[in-house]
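Shown next, in structure tokens, is the structure this report addresses.
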Amino acid sequence: MEKNLRRKSVLLALAFSALSLQLSAQSHISTQSHQSVVSSVVSANSGNSLKTFFSAGEDGFLIKWTDDDQGEHYQISELPIKLAAVYPEKNLIAVYETDSGLINRVSVWDFNTLSRKYARRFSDSVTSLTFSANGTYLIVGTAAVDGAVFMRASDGTVVDKIKDATGIFSFASTSSSEKTLCTYSPAGTISYFNMQTGKLKGKFPTESGLSHVTTFNNDMFLAGVKDDTVFVVSALSGSTVASYSSSRPIILADKTDKNLYYLENNGRNGYALRELIAGPDNKNVSAPQSVRNFKTLTGDTIICGAKEGSYIMLGSQSGALFRTDNSPDTALLSFYPLTEDIYDKIYDMAPAGEDFYFLTENAVYQSSYDKGIVDRRADNPGQTQITAYGSSVILWSRGTRRPVQLLDLDTKNMATLFTPKTNVQSVRIFGNILLEMESNMYVNAYHLDTQQFEELYSGAALQDAVIIGDILYVAKSSATNPASPLLSVNLTTKETVPLKIDGNVIYALCSTDENMYGIAVESDENSKKTVLFSFNPENMRTTTLLSLADEDTDAFTYLRENEIYTNIGRDKVFSYNLSTRKTTMYNRSASLPIKVSQNESRLVVLNKDGSVSWYNTDIRQVLADWYLTKDGNWYEF
């Protein structure tokens, strides 16, 4: 701990001396694993280094793994990343982010500057993502009938390159001259297009339903997986050259290889690295040759990988990364993870005077930036949210029916306040009223002084609620009755009045004794807009404070004195000063911000990966990023 505190003082001095240089987001260099499934591993094509790879995860992180086995971590999305492609010989990477529903977004990132160059949303899911051989175009295959979308890699401009219909394809590759495009359709066809005229050159029937498709041996062969079988077909005719049974094979794509490598999972018997050797006449391949054998992984499964030269990187279900190579070895080898799971994720936080409470899976901690000492105040009985209440805290779990509990941090006494009837959505405190919302349907009040529980309002598509005086304000979707995104409910008479305010949906409310603030989303076929607004109940006046020309349905607000904070757009924290009407942007850390808390001297941001970022509210720059270690100490970046 003493070492970490000394390190903190050095980094603090460096932070103040380098403020003029600290203008953008920052990444973290560590061996920390992904927080969930590794969805894609791709070669980084980084100069002369064949050991540099990118891993992408369902946690929205991109990690660049370099020769020294260190990873540069940066979270680019609140959504899972499903596909990734690297620009030839440059530090640009394209990714496909999706919620597997309405949002299908392709974005291109400059990993040198950690900045997004451009992004495009698609109405259909993306089935293929690749750069052309020289990096002129980013080629996106979609589940739409017309299939391909070509964008100039430099700026994202859509280009009409292919005149004939490509149909739906799951693999695309261009010739080295970028004059020819080859595609594979899961319907069972290989097609070639002239990229200069945009016309179809040829189309051949082939094996249908192949996944993990790649080419090898100078694009002479195309390989894919179906029904625990590796298929190799002629890329020139579509005819099947060979097929070999294989248990859950992972093709390790390197199109520059003469031969094909794949990893198969033989369950309790471990993993085997196999090689298919291309024949000298380019008409056949050998039976699978054993290259390396590995012991099974306990409690984990390898699900993706990539190869560059002789180097191989593999990603797992748990978020771990492994390195190996394709040098033959007859010994039974072990997979040694490149990554570690060394941090204790912070689920939630709350102000505690000059300190803050931090909630992890097993404990409630109290700490501050200036003291740097971690005080374990109590055990956590498995809750995920914390709300401060005097010398106690209220513990609850969003999206569950777990009891809402009051924990006295001095006596360690834990009392159940009530058990929700449906899933808890939010818990707020207004004086002696604990305002609770369940399942987007019910707004309830638990009276902390009398221990009485009552339902205040019920409806459909409810988002949030606050109390000002004796009026309950309920934010909702305007698509449900009454057709307004904001309602007022008199707590005495129960009279409900729809309020006139623009928006398809309103959420993330906060309030003072006189005014209310929140986020409104306005969306139609022609435009999308998200605004941070203020609303004065006395004169019914609404004022726009901040505006985003996109749809954001999951931002937060946090109000302290004259400053209101939000992560509208989800990439950075903004503050709006209600007195000066000035907006300030806070530089973000490696992970996306999801919550803000503040006391007299410090602002702390909780990040999506469970870390916290400390700010001096006057300087508005990141002082440090802290992670809690498994043994309850701070580790600082």
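Numbering starts fresh at 1 for the residues of each chain in the structure tokens, the chains themselves are lettered A, B, ... in the order given, and ligands are numbered from 1 as they appear.
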
Could you name the residues that touch Tyr244 in chain A at 10 Å or less, counting only C-alpha atoms, but leaving out those on the same chain fewer than 4 positions away, as a PyMOL selection string? chain A and resi 225+228-232+276+287-288

Need to verify the contact set: range 329-341 of chain A, 6 Å, only C-alpha atoms, exclusion of same-chain residues closer than 5 positions in sequence. Can you return it as a ChimeraX atom specification? /A:31-33,292-295,320-322

Please identify every residue of range 450-478 of chain A that has at least one atom no farther than 10 Å from an atom of range 424-432 of chain A, counting only C-alpha atoms, and for each give the shortest atom pair and the distance in Å to one decimal, arranged by chain then increasing number, as a Markdown table.
| residue | atom | partner | partner_atom | distance |
| --- | --- | --- | --- | --- |
| A:Thr450 | CA | A:Asn432 | CA | 9.0 |
| A:Gln451 | CA | A:Asn432 | CA | 9.9 |
| A:Leu462 | CA | A:Gln425 | CA | 9.8 |
| A:Gln463 | CA | A:Gln425 | CA | 8.5 |
| A:Asp464 | CA | A:Ser426 | CA | 7.6 |
| A:Ala465 | CA | A:Arg428 | CA | 8.7 |
| A:Val466 | CA | A:Arg428 | CA | 8.0 |
| A:Ile467 | CA | A:Phe430 | CA | 6.8 |
| A:Ile468 | CA | A:Phe430 | CA | 8.7 |
| A:Gly469 | CA | A:Phe430 | CA | 9.8 |

Just checking: using only C-alpha atoms, which residue out of A:Gly632, A:Gly57, A:Pro485, A:Gly209 ends up closest to Gly315 in chain A? A:Gly57

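Take CA of Lys630 in chain A and CA of Ser392 in chain A: the distance between them is 24.7 Å.
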
Name all residues at most 7 Å from Asn326 in chain A (count only C-alpha atoms; drop same-chain ones fewer than 2 positions away) and give them as a ChimeraX atom specification. /A:291,310-311,328

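Across the model, the gap from CA of Gly279 in chain A to CA of Thr130 in chain A is 28.1 Å.
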
Atom-to-atom span, CA of Arg401 in chain A and CA of Thr416 in chain A, Å: 12.6 Å

Non-local contacts of Ser239 in chain A (8 Å; only C-alpha atoms; under 4 positions in same chain excluded) as JSON, numbers by chain: {"A": [205, 206, 207, 233, 234]}

Hey, can you spit out that residue selection with N, CA, C and O atoms as a PDB file, in the first residue's frame?
ATOM      1  N   PRO A 205     -21.434 -22.410 -57.799  1.00  0.00           N
ATOM      2  CA  PRO A 205     -22.039 -23.052 -56.629  1.00  0.00           C
ATOM      3  C   PRO A 205     -20.964 -23.735 -55.789  1.00  0.00           C
ATOM      4  O   PRO A 205     -19.960 -24.230 -56.312  1.00  0.00           O
ATOM      5  N   THR A 206     -21.186 -23.769 -54.479  1.00  0.00           N
ATOM      6  CA  THR A 206     -20.221 -24.393 -53.579  1.00  0.00           C
ATOM      7  C   THR A 206     -20.934 -24.851 -52.314  1.00  0.00           C
ATOM      8  O   THR A 206     -22.170 -24.782 -52.233  1.00  0.00           O
ATOM      9  N   GLU A 207     -20.177 -25.299 -51.326  1.00  0.00           N
ATOM     10  CA  GLU A 207     -20.770 -25.733 -50.060  1.00  0.00           C
ATOM     11  C   GLU A 207     -21.535 -24.570 -49.415  1.00  0.00           C
ATOM     12  O   GLU A 207     -21.024 -23.455 -49.321  1.00  0.00           O
ATOM     13  N   VAL A 233     -12.567 -25.794 -50.317  1.00  0.00           N
ATOM     14  CA  VAL A 233     -13.112 -25.791 -51.673  1.00  0.00           C
ATOM     15  C   VAL A 233     -12.186 -25.007 -52.587  1.00  0.00           C
ATOM     16  O   VAL A 233     -11.393 -24.163 -52.136  1.00  0.00           O
ATOM     17  N   SER A 234     -12.285 -25.267 -53.855  1.00  0.00           N
ATOM     18  CA  SER A 234     -11.528 -24.497 -54.840  1.00  0.00           C
ATOM     19  C   SER A 234     -12.159 -23.116 -54.983  1.00  0.00           C
ATOM     20  O   SER A 234     -13.360 -23.009 -55.259  1.00  0.00           O
TER      21      SER A 234
END

Test item: residues at most 12 Å from range 433-440 of chain A, only C-alpha atoms, excluding those fewer than 5 positions along its chain, as a ChimeraX atom specification: /A:387-389,394,396-402,404-406,417-428,445-470,472-477,480,507

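The residue set within 10 Å of Arg581 in chain A, counting only C-alpha atoms and dropping same-chain residues fewer than 4 places from it, reads Leu545, Asn562, Glu563, Ser575, Tyr576 and Asn577 of chain A.
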
Please save C-alpha atoms of the selected residues as a compact mmCIF listing (two decimals), in the first residue's frame.
# COMPACT_ATOMS: atom_id res chain seq x y z
CA LEU A 545 -29.05 22.94 -21.86
CA ASN A 562 -24.94 24.70 -9.60
CA GLU A 563 -23.36 21.96 -11.67
CA SER A 575 -20.91 19.45 -16.92
CA TYR A 576 -23.26 22.39 -17.36
CA ASN A 577 -22.98 25.28 -14.92

Using DSSP on the backbone coordinates, identify the residues of range 31-265 of chain A assigned to strand (DSSP E or B); present them as an NGL selection string. :A and (32 or 38-43 or 46 or 49 or 53-57 or 61-65 or 71-75 or 81-86 or 92-98 or 104-110 or 115-121 or 126-131 or 137-142 or 148-152 or 158-159 or 171-174 or 180-185 or 189-194 or 200-205 or 211-216 or 221-225 or 229-234 or 240-245 or 250-251 or 260-265)
